[in-house]
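Engineer: This is the content of run-v8.cif (mmCIF, C-alpha atoms):
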data_data
loop_
_atom_site.label_atom_id
_atom_site.label_comp_id
_atom_site.auth_asym_id
_atom_site.auth_seq_id
_atom_site.Cartn_x
_atom_site.Cartn_y
_atom_site.Cartn_z
CA MET I 1 0.00 0.00 0.00
CA MET I 2 2.68 2.48 1.11
CA ALA I 3 4.87 1.40 -1.79
CA ALA I 4 2.01 2.10 -4.21
CA ILE I 5 1.46 5.55 -2.72
CA ALA I 6 5.20 6.28 -2.86
CA GLN I 7 5.23 5.19 -6.53
CA THR I 8 2.37 7.62 -7.33
CA ILE I 9 4.02 10.50 -5.48
CA TRP I 10 7.39 10.05 -7.18
CA GLU I 11 5.97 9.51 -10.68
CA ALA I 12 7.62 11.71 -13.37
CA PRO I 13 5.55 14.36 -15.17
CA VAL I 14 4.00 13.35 -18.48
CA GLY I 15 3.68 15.12 -21.85
CA VAL I 16 7.33 15.92 -22.41
CA GLU I 17 7.74 13.30 -25.13
CA THR I 18 6.00 15.37 -27.80
CA ASP I 19 8.25 18.39 -27.27
CA VAL I 20 11.33 16.16 -27.19
CA ALA I 21 10.30 14.37 -30.41
CA ARG I 22 9.77 17.75 -32.10
CA LEU I 23 13.16 18.92 -30.86
CA ARG I 24 14.87 15.85 -32.32
CA ARG I 25 13.17 16.54 -35.65
CA GLY I 26 14.79 19.99 -35.59
CA ASP I 27 11.66 22.03 -34.78
CA PRO I 28 12.99 25.32 -33.29
CA GLU I 29 9.70 25.97 -31.43
CA ALA I 30 10.19 22.79 -29.40
CA LEU I 31 13.25 24.14 -27.62
CA GLY I 32 11.27 27.17 -26.49
CA ALA I 33 8.52 24.90 -25.15
CA LEU I 34 11.05 22.78 -23.26
CA LEU I 35 12.74 25.88 -21.86
CA GLU I 36 9.39 27.05 -20.53
CA ARG I 37 8.61 23.64 -19.09
CA TYR I 38 11.94 23.08 -17.37
CA GLN I 39 13.19 26.57 -16.58
CA ASN I 40 12.25 26.62 -12.89
CA ARG I 41 13.33 23.07 -12.13
CA LEU I 42 16.64 23.36 -13.95
CA TYR I 43 17.48 26.73 -12.44
CA ARG I 44 16.66 25.48 -8.95
CA TYR I 45 18.85 22.42 -9.42
CA LEU I 46 21.77 24.51 -10.67
CA LEU I 47 21.39 27.05 -7.90
CA ARG I 48 21.45 24.28 -5.29
CA LEU I 49 24.56 22.87 -6.93
CA VAL I 50 26.66 25.99 -7.58
CA ARG I 51 25.00 28.17 -4.90
CA GLU I 52 25.84 31.51 -6.59
CA PRO I 53 22.92 32.98 -8.64
CA ALA I 54 25.27 34.54 -11.22
CA ALA I 55 27.04 31.21 -11.74
CA ALA I 56 23.72 29.34 -11.87
CA GLU I 57 22.53 31.75 -14.59
CA ASP I 58 25.68 31.19 -16.66
CA VAL I 59 25.44 27.41 -16.42
CA PHE I 60 21.68 27.57 -17.10
CA GLN I 61 22.35 29.42 -20.36
CA GLN I 62 25.18 27.07 -21.36
CA THR I 63 22.94 24.09 -20.66
CA TRP I 64 20.27 25.18 -23.14
CA VAL I 65 22.82 25.96 -25.82
CA ARG I 66 24.31 22.48 -25.29
CA VAL I 67 20.84 20.90 -25.43
CA ALA I 68 20.19 22.65 -28.77
CA GLU I 69 23.50 21.39 -30.15
CA GLN I 70 23.21 17.82 -28.90
CA ALA I 71 19.48 17.19 -29.20
CA ARG I 72 20.01 14.54 -31.87
CA ARG I 73 22.29 12.56 -29.56
CA TYR I 74 19.53 12.10 -26.98
CA ASP I 75 18.25 8.53 -26.89
CA PRO I 76 14.42 8.80 -26.72
CA ARG I 77 14.18 5.42 -24.95
CA LYS I 78 15.77 7.04 -21.91
CA SER I 79 14.39 9.68 -19.55
CA PHE I 80 14.65 13.20 -20.96
CA ASP I 81 14.74 14.63 -17.42
CA ALA I 82 17.80 12.53 -16.62
CA TRP I 83 19.52 13.51 -19.88
CA LEU I 84 18.82 17.21 -19.39
CA PHE I 85 20.00 17.20 -15.78
CA THR I 86 23.11 15.24 -16.75
CA VAL I 87 24.00 17.89 -19.34
CA ALA I 88 23.46 20.59 -16.70
CA ARG I 89 25.39 18.65 -14.07
CA ASN I 90 28.45 18.19 -16.29
CA LEU I 91 28.54 21.90 -17.05
CA ALA I 92 28.06 22.76 -13.36
CA ILE I 93 30.92 20.46 -12.37
CA ASP I 94 33.13 22.09 -15.02
CA HIS I 95 32.21 25.45 -13.57
CA LEU I 96 32.93 24.41 -9.98
CA ARG I 97 36.27 22.91 -10.97
CA ARG I 98 37.25 25.97 -12.98
CA PHE I 99 36.26 28.68 -10.55
CA ARG I 100 36.26 27.13 -7.09
CA PRO I 101 38.48 24.08 -7.11
CA GLU I 102 39.41 24.58 -3.46
CA SER I 103 35.87 24.92 -2.19
CA LEU I 104 33.85 22.32 -4.04
CA ASP I 105 32.57 20.93 -0.77
CA GLU I 106 32.78 24.06 1.33
CA PRO I 107 29.84 26.37 2.06
CA LEU I 108 29.92 29.84 0.53
CA PRO I 109 28.94 32.79 2.71
CA SER I 110 26.83 34.32 -0.06
CA GLY I 111 25.21 31.06 -1.10
CA GLU I 112 21.79 31.49 0.47
CA ALA I 113 18.94 30.14 -1.58
CA ARG I 114 16.60 32.81 -2.90
CA GLY I 115 13.03 32.64 -1.70
CA ASP I 116 11.14 34.25 -4.54
CA GLN I 117 8.25 31.86 -4.32
CA ILE I 118 6.89 29.88 -1.41
CA ALA I 119 5.25 26.64 -2.47
CA ALA I 120 2.15 25.48 -0.60
CA ALA I 121 2.51 28.02 2.22
CA PRO I 122 -0.02 27.68 5.08
CA ALA I 123 -2.95 30.08 5.09
CA SER I 124 -2.88 31.80 8.50
CA SER I 125 -0.25 34.49 9.15
CA LEU I 126 1.11 32.73 12.29
CA ASP I 127 1.38 29.39 10.48
CA ARG I 128 2.95 31.12 7.53
CA ALA I 129 5.55 32.81 9.74
CA ILE I 130 6.46 29.49 11.39
CA PHE I 131 6.56 27.77 8.01
CA GLN I 132 8.84 30.44 6.55
CA GLU I 133 11.13 30.35 9.57
CA ARG I 134 11.43 26.58 9.30
CA ALA I 135 11.97 26.74 5.55
CA ALA I 136 14.72 29.32 6.04
CA ARG I 137 16.44 27.11 8.63
CA LEU I 138 16.17 24.10 6.37
CA ALA I 139 17.51 26.02 3.35
CA GLU I 140 20.34 27.39 5.48
CA ALA I 141 21.25 23.91 6.72
CA MET I 142 21.03 22.49 3.22
CA VAL I 143 23.29 25.11 1.68
CA SER I 144 26.00 24.25 4.21
CA LEU I 145 26.07 20.60 3.08
CA PRO I 146 28.70 19.30 0.64
CA ALA I 147 27.74 19.57 -3.04
CA VAL I 148 27.21 15.82 -3.44
CA TYR I 149 24.64 15.83 -0.63
CA ARG I 150 22.86 18.99 -1.80
CA GLU I 151 22.61 17.48 -5.23
CA VAL I 152 21.02 14.19 -4.24
CA LEU I 153 18.58 15.95 -1.89
CA THR I 154 17.37 18.40 -4.50
CA LEU I 155 17.03 15.69 -7.15
CA ARG I 156 14.97 13.48 -4.85
CA PHE I 157 12.86 15.95 -2.91
CA GLU I 158 12.60 19.03 -5.09
CA GLU I 159 12.85 17.51 -8.56
CA GLU I 160 11.02 14.42 -7.33
CA MET I 161 13.10 12.14 -9.52
CA LYS I 162 12.94 8.38 -9.25
CA LEU I 163 16.02 6.72 -7.78
CA GLU I 164 16.84 5.18 -11.16
CA GLU I 165 16.78 8.62 -12.80
CA ILE I 166 19.04 10.04 -10.10
CA ALA I 167 21.44 7.15 -10.70
CA GLU I 168 21.44 8.05 -14.40
CA VAL I 169 22.13 11.74 -13.71
CA LEU I 170 24.89 10.94 -11.23
CA GLY I 171 26.32 8.16 -13.39
CA ALA I 172 26.39 6.00 -10.25
CA PRO I 173 24.84 2.66 -9.23
CA LEU I 174 21.51 2.61 -7.38
CA SER I 175 23.21 1.44 -4.18
CA THR I 176 25.45 4.54 -4.22
CA VAL I 177 22.43 6.78 -4.68
CA LYS I 178 20.71 5.22 -1.65
CA THR I 179 23.83 5.48 0.49
CA ARG I 180 24.33 9.10 -0.54
CA LEU I 181 20.67 9.88 0.10
CA ARG I 182 20.78 8.35 3.59
CA ARG I 183 24.02 10.13 4.49
CA SER I 184 22.76 13.46 3.17
CA LEU I 185 19.56 13.20 5.23
CA GLU I 186 21.50 12.26 8.35
CA SER I 187 23.96 15.08 7.77
CA LEU I 188 21.12 17.56 7.20
CA ARG I 189 19.41 16.48 10.39
CA ARG I 190 22.63 16.88 12.38
CA LYS I 191 23.01 20.40 10.96
CA LEU I 192 19.42 21.26 11.89
CA GLU I 193 19.78 19.89 15.39
CA ALA I 194 23.03 21.81 15.84
CA ARG I 195 21.22 25.03 14.86
CA GLY I 196 18.44 24.63 17.40
CA PRO I 197 16.75 22.31 19.87
CA ALA I 198 16.29 18.82 18.45
CA GLY I 199 12.90 18.44 16.81
CA ASP I 200 12.08 22.13 17.32
CA TRP I 201 11.52 22.70 13.63
CA VAL I 202 9.37 19.58 13.30
CA MET C 1 22.76 -5.58 15.60
CA SER C 2 19.16 -6.21 16.63
CA ASP C 3 16.24 -6.04 14.18
CA HIS C 4 15.10 -2.84 15.89
CA GLU C 5 18.46 -1.15 15.28
CA THR C 6 18.61 -2.35 11.68
CA LEU C 7 15.09 -1.16 10.92
CA ARG C 8 15.73 2.16 12.66
CA GLY C 9 18.58 2.68 10.19
CA TRP C 10 16.07 2.38 7.34
CA LEU C 11 13.83 5.18 8.56
CA SER C 12 15.52 8.04 6.70
CA LEU C 13 15.33 6.13 3.43
CA ALA C 14 11.70 5.22 4.19
CA ALA C 15 10.90 8.93 4.52
CA ALA C 16 12.61 9.46 1.14
CA GLY C 17 10.49 6.70 -0.43
CA ALA C 18 13.69 4.83 -1.25
CA LEU C 19 13.07 1.41 0.29
CA GLU C 20 12.46 -1.76 -1.73
CA PRO C 21 8.86 -3.07 -1.45
CA GLN C 22 9.90 -6.02 0.77
CA GLU C 23 11.96 -3.71 3.02
CA GLN C 24 9.01 -1.34 3.25
CA ALA C 25 6.69 -4.22 4.17
CA GLU C 26 9.09 -5.41 6.87
CA LEU C 27 9.38 -1.89 8.27
CA ASP C 28 5.59 -1.44 8.22
CA ARG C 29 5.21 -4.58 10.36
CA HIS C 30 7.81 -3.26 12.82
CA LEU C 31 6.19 0.18 12.99
CA GLY C 32 2.96 -1.48 14.08
CA ILE C 33 4.63 -2.67 17.28
CA CYS C 34 7.38 -0.07 17.88
CA GLU C 35 6.20 3.38 18.92
CA GLU C 36 9.74 4.70 19.16
CA CYS C 37 10.47 3.93 15.50
CA ALA C 38 7.04 5.26 14.44
CA ALA C 39 7.82 8.57 16.17
CA GLU C 40 11.29 8.66 14.65
CA LEU C 41 9.83 8.03 11.17
CA GLU C 42 7.47 10.93 11.69
CA ARG C 43 10.47 13.21 12.41
CA TRP C 44 12.25 12.06 9.23
CA SER C 45 9.04 12.45 7.24
CA GLU C 46 8.54 15.98 8.54
CA MET C 47 12.03 16.86 7.35
CA ALA C 48 11.31 15.24 3.96
CA ARG C 49 8.10 17.28 3.65
CA GLY C 50 10.09 20.40 4.54
CA LEU C 51 12.57 19.65 1.77
CA LYS C 52 9.77 19.23 -0.76
CA ARG C 53 8.27 22.58 0.24
CA LEU C 54 11.47 24.60 0.17
CA PRO C 55 11.08 27.98 -1.52
CA THR C 56 11.54 27.56 -5.25
CA PRO C 57 14.03 30.02 -6.69
CA GLN C 58 12.98 31.17 -10.13
CA PRO C 59 15.12 32.38 -13.01
CA SER C 60 14.62 36.06 -13.79
CA PRO C 61 12.60 36.97 -16.92
CA ARG C 62 15.75 38.79 -18.12
CA LEU C 63 17.69 35.50 -18.03
CA ILE C 64 14.97 33.63 -19.90
CA GLU C 65 14.90 36.36 -22.56
CA ARG C 66 18.68 36.17 -22.86
CA VAL C 67 18.57 32.40 -23.29
CA ARG C 68 15.77 32.61 -25.86
CA ALA C 69 17.70 35.23 -27.85
CA GLN C 70 20.84 33.11 -27.79
CA LEU C 71 18.93 29.99 -28.85
CA GLU C 72 17.35 31.89 -31.72
CA SER C 73 20.69 33.24 -32.93
CA SER C 74 22.29 29.77 -32.58
CA ALA C 75 19.40 28.25 -34.58
CA ALA C 76 19.85 30.90 -37.29
CA ALA C 77 23.60 30.20 -37.39
CA ARG C 78 22.94 26.45 -37.67
CA THR C 79 20.48 27.00 -40.53
CA GLU C 80 23.01 29.21 -42.32
CA ARG C 81 25.74 26.58 -41.81
CA ARG C 82 23.46 23.88 -43.22
CA TRP C 83 22.66 26.08 -46.24
CA ASN C 84 26.37 26.82 -46.81
CA HIS C 85 27.20 23.10 -46.62
CA GLY C 86 24.42 22.37 -49.11
CA VAL C 87 25.65 25.03 -51.54
CA LEU C 88 29.24 23.78 -51.18
CA ALA C 89 28.18 20.17 -51.83
CA PHE C 90 26.23 21.26 -54.90
CA LEU C 91 29.19 23.26 -56.26
CA VAL C 92 31.60 20.35 -55.74
CA LEU C 93 29.20 17.97 -57.46
CA PHE C 94 28.64 20.43 -60.30
CA SER C 95 32.41 20.95 -60.77
CA TRP C 96 33.10 17.23 -60.90
CA THR C 97 30.25 16.64 -63.33
CA LEU C 98 31.49 19.45 -65.54
CA THR C 99 35.06 18.14 -65.44
CA LEU C 100 34.09 14.55 -66.20
CA ALA C 101 31.61 15.54 -68.90
CA GLY C 102 34.14 17.98 -70.38
CA TRP C 103 36.84 15.39 -71.00
CA PRO C 104 35.11 13.47 -73.81
CA ILE C 105 34.10 16.75 -75.42
CA VAL C 106 37.69 18.07 -75.38
CA ARG C 107 38.95 14.73 -76.65
CA LEU C 108 36.44 14.71 -79.49
CA ALA C 109 37.19 18.30 -80.38
CA SER C 110 40.96 17.79 -80.27
CA ARG C 111 40.70 14.69 -82.50
CA GLY C 112 38.62 16.55 -85.04
CA VAL C 113 40.98 19.53 -85.10
CA ALA C 114 44.01 17.21 -85.10
CA SER C 115 42.78 15.25 -88.09
CA TRP C 116 41.81 18.40 -89.95
CA LEU C 117 45.11 20.22 -89.27
CA ASP C 118 47.06 16.99 -89.08
CA LEU C 119 48.46 17.86 -85.62
CA GLY C 120 49.35 15.30 -82.94
CA PHE C 121 48.17 16.93 -79.69
CA THR C 122 50.06 14.16 -77.92
CA GLY C 123 50.30 16.06 -74.63
CA THR C 124 46.58 16.93 -74.38
CA TRP C 125 45.57 14.15 -71.98
CA THR C 126 48.55 14.53 -69.67
CA THR C 127 48.12 18.31 -69.53
CA LEU C 128 44.41 17.95 -68.78
CA VAL C 129 44.99 15.44 -65.97
CA TRP C 130 47.71 17.52 -64.35
CA TYR C 131 45.69 20.68 -64.70
CA THR C 132 42.67 19.03 -63.02
CA VAL C 133 44.73 17.51 -60.18
CA LEU C 134 46.48 20.79 -59.50
CA THR C 135 43.25 22.78 -59.54
CA TRP C 136 41.43 20.46 -57.14
CA LEU C 137 44.45 20.16 -54.87
CA THR C 138 44.73 23.94 -54.61
CA GLY C 139 41.01 24.18 -53.97
CA GLY C 140 41.18 21.47 -51.29
CA VAL C 141 44.10 23.09 -49.44
CA ALA C 142 42.42 26.51 -49.59
CA GLY C 143 39.19 24.97 -48.23
CA ALA C 144 41.01 23.22 -45.38
CA VAL C 145 42.90 26.39 -44.39
CA LEU C 146 39.70 28.46 -44.45
CA SER C 147 37.83 25.89 -42.38
CA TRP C 148 40.67 25.69 -39.82
CA GLN C 149 40.73 29.49 -39.58
CA LYS C 150 36.94 29.63 -39.09
CA ARG C 151 37.06 27.03 -36.31
CA ARG C 152 39.84 28.95 -34.59
CA GLU C 153 37.79 32.15 -34.76
CA ARG C 154 34.75 30.35 -33.28
CA ARG C 155 36.88 28.90 -30.47
CA LEU C 156 38.33 32.30 -29.60
CA ALA C 157 34.88 33.90 -29.70
#
Using structure tokens, write down the structure that the file contains.

Structural biologist:
Amino acid sequence: MMAAIAQTIWEAPVGVETDVARLRRGDPEALGALLERYQNRLYRYLLRLVREPAAAEDVFQQTWVRVAEQARRYDPRKSFDAWLFTVARNLAIDHLRRFRPESLDEPLPSGEARGDQIAAAPASSLDRAIFQERAARLAEAMVSLPAVYREVLTLRFEEEMKLEEIAEVLGAPLSTVKTRLRRSLESLRRKLEARGPAGDWV
Amino acid sequence: MSDHETLRGWLSLAAAGALEPQEQAELDRHLGICEECAAELERWSEMARGLKRLPTPQPSPRLIERVRAQLESSAAARTERRWNHGVLAFLVLFSWTLTLAGWPIVRLASRGVASWLDLGFTGTWTTLVWYTVLTWLTGGVAGAVLSWQKRRERRLA
């Protein structure tokens, strides 16, 4: 029962195939449609990974140019989400290596996540204030995690990718994804508990 | 390690929906009899829900416009490149056709003139072959140099 519910919750969005098929046929409109469809998710992923908005914007732009160039290389039997995020990931890693080789796993002081939009915020003002305070603490704790942990957390919880898709993006076996996911959650919880009374934010 | 400890170690992955169906079933049975683990799972689940509801940063409209403009200009450049390749292929094909079709005509003409004027034209074929080879070789080298230069310019840009 729980497994069935989990499967439904983590199911990938549908309707991308048409745009992808059009893109592979060389339809220039298709790229615009995909950009619109993925812009928020891709930007969020890149921001979590590189932490600096300016860097995330650069890699975001490079990613779409690369997608346009390599669209014909995409294998339609595989997940487009995974392919797109792999392209973005490779460019983000290049960026991190080029500009911050010494601090790949170190938190940046200016790396706070931007809160332009609050998803599913509670209705009452008190609840909303508590929710925002908790979200800020969680975002703060998350940004202080190493890049490999931030990445797996955002792919699983924010992008809602299946474990198999995450494995494809990371280029790692499923067992590694699970281990990394468990360690990242444990590390995040330790950070949260260190920032306040245990369970206070729960 | 006891079953309780082992299953407690699965709780974070359970909150992430990352357990195998048989592991999930085993954990569900344990949760029915272990209040401590049930409470602990609730804490992990709350954190997982928090992660799912984190504020979503959005790209600025300016960035999206910039990307769209770049994609459009890249698409235009790709179309132009394809057109140039097509024109080049046509010209190469046309040149070869003209060359190959021209040989019998020249031969026929030279024979007619030779018989009429009683001239040998013994070097005609050799001259024609060397002329053709030299012309195409020069063209090929010029094409390769231009292409190399263009790639270098693109790399530097």

Engineer: So, counting only C-alpha atoms, which residue among I:Arg73, I:Arg189, I:Arg195, I:Arg98 is closest to chain C?

Structural biologist: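 Comparing I:Arg73, I:Arg189, I:Arg195, I:Arg98 against chain C, the winner is I:Arg189.
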
Engineer: Using only C-alpha atoms, select each residue of chain C with any atom at most 7 Å away from an atom of chain I, and give the selection as number ranges by chain.

Structural biologist: C: 12-13, 17, 21, 43, 46, 50-59, 67, 71

Engineer: Could you give me, as a list in words, the residues within 10 Å of Pro76 (chain I), counting all atoms listed in the file and dropping anything in the same chain fewer than 5 positions from it?

Structural biologist: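 In the requested form, the answer reads Glu17, Val20, Ala21, Arg24 and Trp83 of chain I.
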
Engineer: Based on the selection just made, write C-alpha atoms of those residues as a short mmCIF file (atom, residue, chain, number, x, y, z; two decimals), in the frame of the given file.

Structural biologist:
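Saved result, selection20.cif, follows:
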data_model
loop_
_atom_site.label_atom_id
_atom_site.label_comp_id
_atom_site.auth_asym_id
_atom_site.auth_seq_id
_atom_site.Cartn_x
_atom_site.Cartn_y
_atom_site.Cartn_z
CA GLU I 17 7.74 13.30 -25.13
CA VAL I 20 11.33 16.16 -27.19
CA ALA I 21 10.30 14.37 -30.41
CA ARG I 24 14.87 15.85 -32.32
CA TRP I 83 19.52 13.51 -19.88
#

Engineer: Rounded to one decimal place, report the CA of Ala18 (chain C)-CA of Glu36 (chain C) distance in Å.

Structural biologist: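 We find that CA of Ala18 (chain C) and CA of Glu36 (chain C) lie 20.8 Å from each other.
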
Engineer: Work out how far CA of Ser73 (chain C) is from CA of Arg154 (chain C), in Å to one decimal.

Structural biologist: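 Going from CA of Arg154 (chain C) over to CA of Ser73 (chain C) covers 14.4 Å.
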
Engineer: Could you jot down the CA of Glu151 (chain I) to CA of Arg190 (chain I) separation for me, Å, one decimal place?

Structural biologist: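 Rounded to one decimal, the two atoms are 17.6 Å apart.
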
Engineer: I'd like the residues picked by the PyMOL selection byres ((chain I and resi 80) around 12) written out as a tab-separated table (two decimals) with C-alpha atoms, keeping the file's coordinate frame, using the chain letters and numbers from the file.

Structural biologist:
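Output (result-v4.tsv):
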chain	number	residue	atom	x	y	z
I	12	ALA	CA	7.62	11.71	-13.37
I	13	PRO	CA	5.55	14.36	-15.17
I	14	VAL	CA	4.00	13.35	-18.48
I	15	GLY	CA	3.68	15.12	-21.85
I	16	VAL	CA	7.33	15.92	-22.41
I	17	GLU	CA	7.74	13.30	-25.13
I	18	THR	CA	6.00	15.37	-27.80
I	19	ASP	CA	8.25	18.39	-27.27
I	20	VAL	CA	11.33	16.16	-27.19
I	21	ALA	CA	10.30	14.37	-30.41
I	23	LEU	CA	13.16	18.92	-30.86
I	24	ARG	CA	14.87	15.85	-32.32
I	34	LEU	CA	11.05	22.78	-23.26
I	38	TYR	CA	11.94	23.08	-17.37
I	67	VAL	CA	20.84	20.90	-25.43
I	71	ALA	CA	19.48	17.19	-29.20
I	73	ARG	CA	22.29	12.56	-29.56
I	74	TYR	CA	19.53	12.10	-26.98
I	75	ASP	CA	18.25	8.53	-26.89
I	76	PRO	CA	14.42	8.80	-26.72
I	77	ARG	CA	14.18	5.42	-24.95
I	78	LYS	CA	15.77	7.04	-21.91
I	79	SER	CA	14.39	9.68	-19.55
I	81	ASP	CA	14.74	14.63	-17.42
I	82	ALA	CA	17.80	12.53	-16.62
I	83	TRP	CA	19.52	13.51	-19.88
I	84	LEU	CA	18.82	17.21	-19.39
I	85	PHE	CA	20.00	17.20	-15.78
I	86	THR	CA	23.11	15.24	-16.75
I	87	VAL	CA	24.00	17.89	-19.34
I	161	MET	CA	13.10	12.14	-9.52
I	165	GLU	CA	16.78	8.62	-12.80
I	168	GLU	CA	21.44	8.05	-14.40
I	169	VAL	CA	22.13	11.74	-13.71

Engineer: Given only C-alpha atoms as the basis, pick out the residue of I:Arg97, I:Arg137, I:Arg89, I:Arg180 nearest to Leu46 (chain I).

Structural biologist: I:Arg89

Engineer: Mind telling me what the PyMOL selection byres ((chain C and resi 11) around 8) catches here, as a PyMOL selection string?

Structural biologist: chain C and resi 7-10+12-15+37+40-41+44
